[in-house]
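Text of coords_19.cif, listed as mmCIF, C-alpha atoms, pLDDT in the B column; chains and numbers go by the auth columns:
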```cif
data_model
loop_
_atom_site.group_PDB
_atom_site.id
_atom_site.type_symbol
_atom_site.label_atom_id
_atom_site.label_comp_id
_atom_site.label_asym_id
_atom_site.label_seq_id
_atom_site.Cartn_x
_atom_site.Cartn_y
_atom_site.Cartn_z
_atom_site.B_iso_or_equiv
_atom_site.auth_seq_id
_atom_site.auth_asym_id
ATOM 1 C CA MET A 1 42.070 -60.956 -141.691 76.00 81 A
ATOM 2 C CA LYS A 2 41.346 -64.595 -140.871 84.00 82 A
ATOM 3 C CA TYR A 3 37.750 -65.857 -140.466 87.00 83 A
ATOM 4 C CA GLU A 4 37.129 -68.334 -137.639 88.00 84 A
ATOM 5 C CA THR A 5 34.137 -69.739 -135.762 85.00 85 A
ATOM 6 C CA LEU A 6 34.495 -69.769 -131.967 85.00 86 A
ATOM 7 C CA PHE A 7 32.227 -71.699 -129.622 84.00 87 A
ATOM 8 C CA ILE A 8 31.790 -69.940 -126.266 84.00 88 A
ATOM 9 C CA MET A 9 29.756 -71.504 -123.454 82.00 89 A
ATOM 10 C CA VAL A 10 28.099 -69.179 -120.941 82.00 90 A
ATOM 11 C CA ARG A 11 26.223 -69.750 -117.686 82.00 91 A
ATOM 12 C CA VAL A 12 23.105 -67.648 -117.128 81.00 92 A
ATOM 13 C CA ALA A 13 21.289 -67.418 -113.786 84.00 93 A
ATOM 14 C CA VAL A 14 17.743 -66.078 -114.111 84.00 94 A
ATOM 15 C CA HIS A 15 14.753 -65.086 -112.028 89.00 95 A
ATOM 16 C CA ALA A 16 11.547 -65.516 -114.027 90.00 96 A
ATOM 17 C CA ASP A 17 7.799 -65.065 -113.712 93.00 97 A
ATOM 18 C CA HIS A 18 7.168 -68.238 -115.740 90.00 98 A
ATOM 19 C CA THR A 19 6.098 -71.404 -113.965 86.00 99 A
ATOM 20 C CA GLN A 20 7.409 -73.834 -116.579 85.00 100 A
ATOM 21 C CA LEU A 21 11.106 -74.273 -117.288 84.00 101 A
ATOM 22 C CA SER A 22 10.354 -74.801 -120.977 85.00 102 A
ATOM 23 C CA GLU A 23 8.752 -71.331 -121.126 87.00 103 A
ATOM 24 C CA ILE A 24 11.880 -69.752 -119.626 87.00 104 A
ATOM 25 C CA VAL A 25 14.187 -71.506 -122.077 86.00 105 A
ATOM 26 C CA ASN A 26 11.944 -70.662 -125.033 88.00 106 A
ATOM 27 C CA GLU A 27 11.779 -66.972 -124.135 90.00 107 A
ATOM 28 C CA ILE A 28 15.538 -66.725 -123.666 88.00 108 A
ATOM 29 C CA GLU A 29 16.181 -68.497 -126.971 86.00 109 A
ATOM 30 C CA THR A 30 13.729 -66.367 -128.953 88.00 110 A
ATOM 31 C CA GLN A 31 13.827 -62.926 -127.333 91.00 111 A
ATOM 32 C CA SER A 32 17.063 -62.329 -125.417 87.00 112 A
ATOM 33 C CA LYS A 33 20.266 -61.050 -126.963 84.00 113 A
ATOM 34 C CA LEU A 34 23.837 -62.171 -126.486 80.00 114 A
ATOM 35 C CA SER A 35 26.216 -59.268 -126.858 86.00 115 A
ATOM 36 C CA LEU A 36 29.927 -59.414 -127.628 89.00 116 A
ATOM 37 C CA SER A 37 31.789 -56.288 -128.625 92.00 117 A
ATOM 38 C CA ASP A 38 34.452 -55.778 -131.241 94.00 118 A
ATOM 39 C CA THR A 39 38.028 -55.328 -130.124 94.00 119 A
ATOM 40 C CA ALA A 40 40.929 -53.543 -131.757 95.00 120 A
ATOM 41 C CA ASN A 41 41.833 -56.673 -133.727 93.00 121 A
ATOM 42 C CA ILE A 42 38.532 -58.584 -133.918 91.00 122 A
ATOM 43 C CA ASN A 43 35.172 -57.747 -135.490 94.00 123 A
ATOM 44 C CA ILE A 44 32.245 -59.782 -134.135 89.00 124 A
ATOM 45 C CA LEU A 45 30.157 -60.805 -137.149 90.00 125 A
ATOM 46 C CA GLU A 46 27.357 -62.862 -135.595 86.00 126 A
ATOM 47 C CA THR A 47 26.245 -64.528 -132.343 84.00 127 A
ATOM 48 C CA GLU A 48 23.527 -67.104 -131.678 82.00 128 A
ATOM 49 C CA ILE A 49 22.467 -69.528 -128.964 79.00 129 A
ATOM 50 C CA LEU A 50 23.545 -72.991 -130.115 79.00 130 A
ATOM 51 C CA LEU A 51 22.474 -75.109 -127.150 76.00 131 A
ATOM 52 C CA SER A 52 20.250 -74.651 -124.119 76.00 132 A
ATOM 53 C CA ARG A 53 20.844 -77.059 -121.272 75.00 133 A
ATOM 54 C CA VAL A 54 19.191 -76.855 -117.859 72.00 134 A
ATOM 55 C CA ARG A 55 20.555 -78.428 -114.721 67.00 135 A
ATOM 56 C CA ASN A 56 18.176 -80.632 -112.759 61.00 136 A
ATOM 57 C CA PRO A 57 15.711 -78.278 -110.957 57.00 137 A
ATOM 58 C CA LYS A 58 15.890 -80.529 -107.865 60.00 138 A
ATOM 59 C CA ASN A 59 19.493 -79.342 -107.447 50.00 139 A
ATOM 60 C CA ILE A 60 18.557 -75.648 -107.402 50.00 140 A
ATOM 61 C CA TYR A 61 17.970 -74.505 -103.821 51.00 141 A
ATOM 62 C CA HIS A 62 16.567 -71.022 -104.558 51.00 142 A
ATOM 63 C CA GLY A 63 18.829 -69.262 -102.075 53.00 143 A
ATOM 64 C CA THR A 64 18.618 -71.790 -99.246 53.00 144 A
ATOM 65 C CA GLN A 65 21.018 -74.567 -98.407 51.00 145 A
ATOM 66 C CA PRO A 66 19.739 -78.121 -98.035 51.00 146 A
ATOM 67 C CA LYS A 67 19.607 -79.615 -94.569 54.00 147 A
ATOM 68 C CA LEU A 68 22.280 -82.259 -94.062 52.00 148 A
#
```

Encoding of this model in structure tokens:
Amino acid sequence: MKYETLFIMVRVAVHADHTQLSEIVNEIETQSKLSLSDTANINILETEILLSRVRNPKNIYHGTQPKL
């Protein structure tokens, strides 16, 4: 069996009780789990969050569309 490292980017939409974006990111990085399952030919050995990037909060409309 060959050992490889794969880099997989995911998008996560959240609803949080925190008021600060940094608190949300910190909690996700320290307490949430990323789950990938083994397949018939692949055993998942380890997963971790490598990078947390947040889009500009001004561009998030919280369910409403901006007025044009």

Report the distance between CA of Thr127 in chain A and CA of Thr99 in chain A in Å, rounded to one decimal place.
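Between CA of Thr127 in chain A and CA of Thr99 in chain A the gap is 28.1 Å.
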
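Taking CA of Lys113 in chain A as the reference point, CA of Glu128 in chain A is found at 8.3 Å.
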
Neighbours of Glu126 in chain A within 12 Å (only C-alpha atoms; same-chain residues fewer than 3 positions away dropped), as a PyMOL selection string?
chain A and resi 83-87+113-118+123+129

Give, as AutoDock Vina command-line options, the centre coordinates and the x, y and z edge lengths in Å to one decimal for an axis-aligned box around all listed atoms of range 98-102 of chain A, padded by 6 Å on each side.
```
--center_x 8.6 --center_y -71.5 --center_z -117.5 --size_x 17.0 --size_y 18.6 --size_z 19.0
```

Across A:Ile124, A:Lys82, A:Val94, A:Ile88, the smallest distance to Ser112 in chain A, with only C-alpha atoms counted, is shown by A:Val94

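In this structure, CA of Met81 in chain A sits 13.5 Å away from CA of Thr119 in chain A.
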
Spatial neighbours of His98 in chain A, 12 Å, only C-alpha atoms, chain gap at least 6 places, as an mmCIF file with C-alpha atoms, in the coordinates of the input:
```
data_model
loop_
_atom_site.group_PDB
_atom_site.id
_atom_site.type_symbol
_atom_site.label_atom_id
_atom_site.label_comp_id
_atom_site.auth_asym_id
_atom_site.auth_seq_id
_atom_site.Cartn_x
_atom_site.Cartn_y
_atom_site.Cartn_z
ATOM 1 C CA ILE A 104 11.880 -69.752 -119.626
ATOM 2 C CA VAL A 105 14.187 -71.506 -122.077
ATOM 3 C CA ASN A 106 11.944 -70.662 -125.033
ATOM 4 C CA GLU A 107 11.779 -66.972 -124.135
ATOM 5 C CA ILE A 108 15.538 -66.725 -123.666
#
```

Have a look at A:Ile122, A:Ser132, A:Met89, A:His95 and name the one nearest to Thr110 in chain A; count all atoms listed in the file.
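Answer, going by the shortest atom-to-atom distance: A:Ser132.
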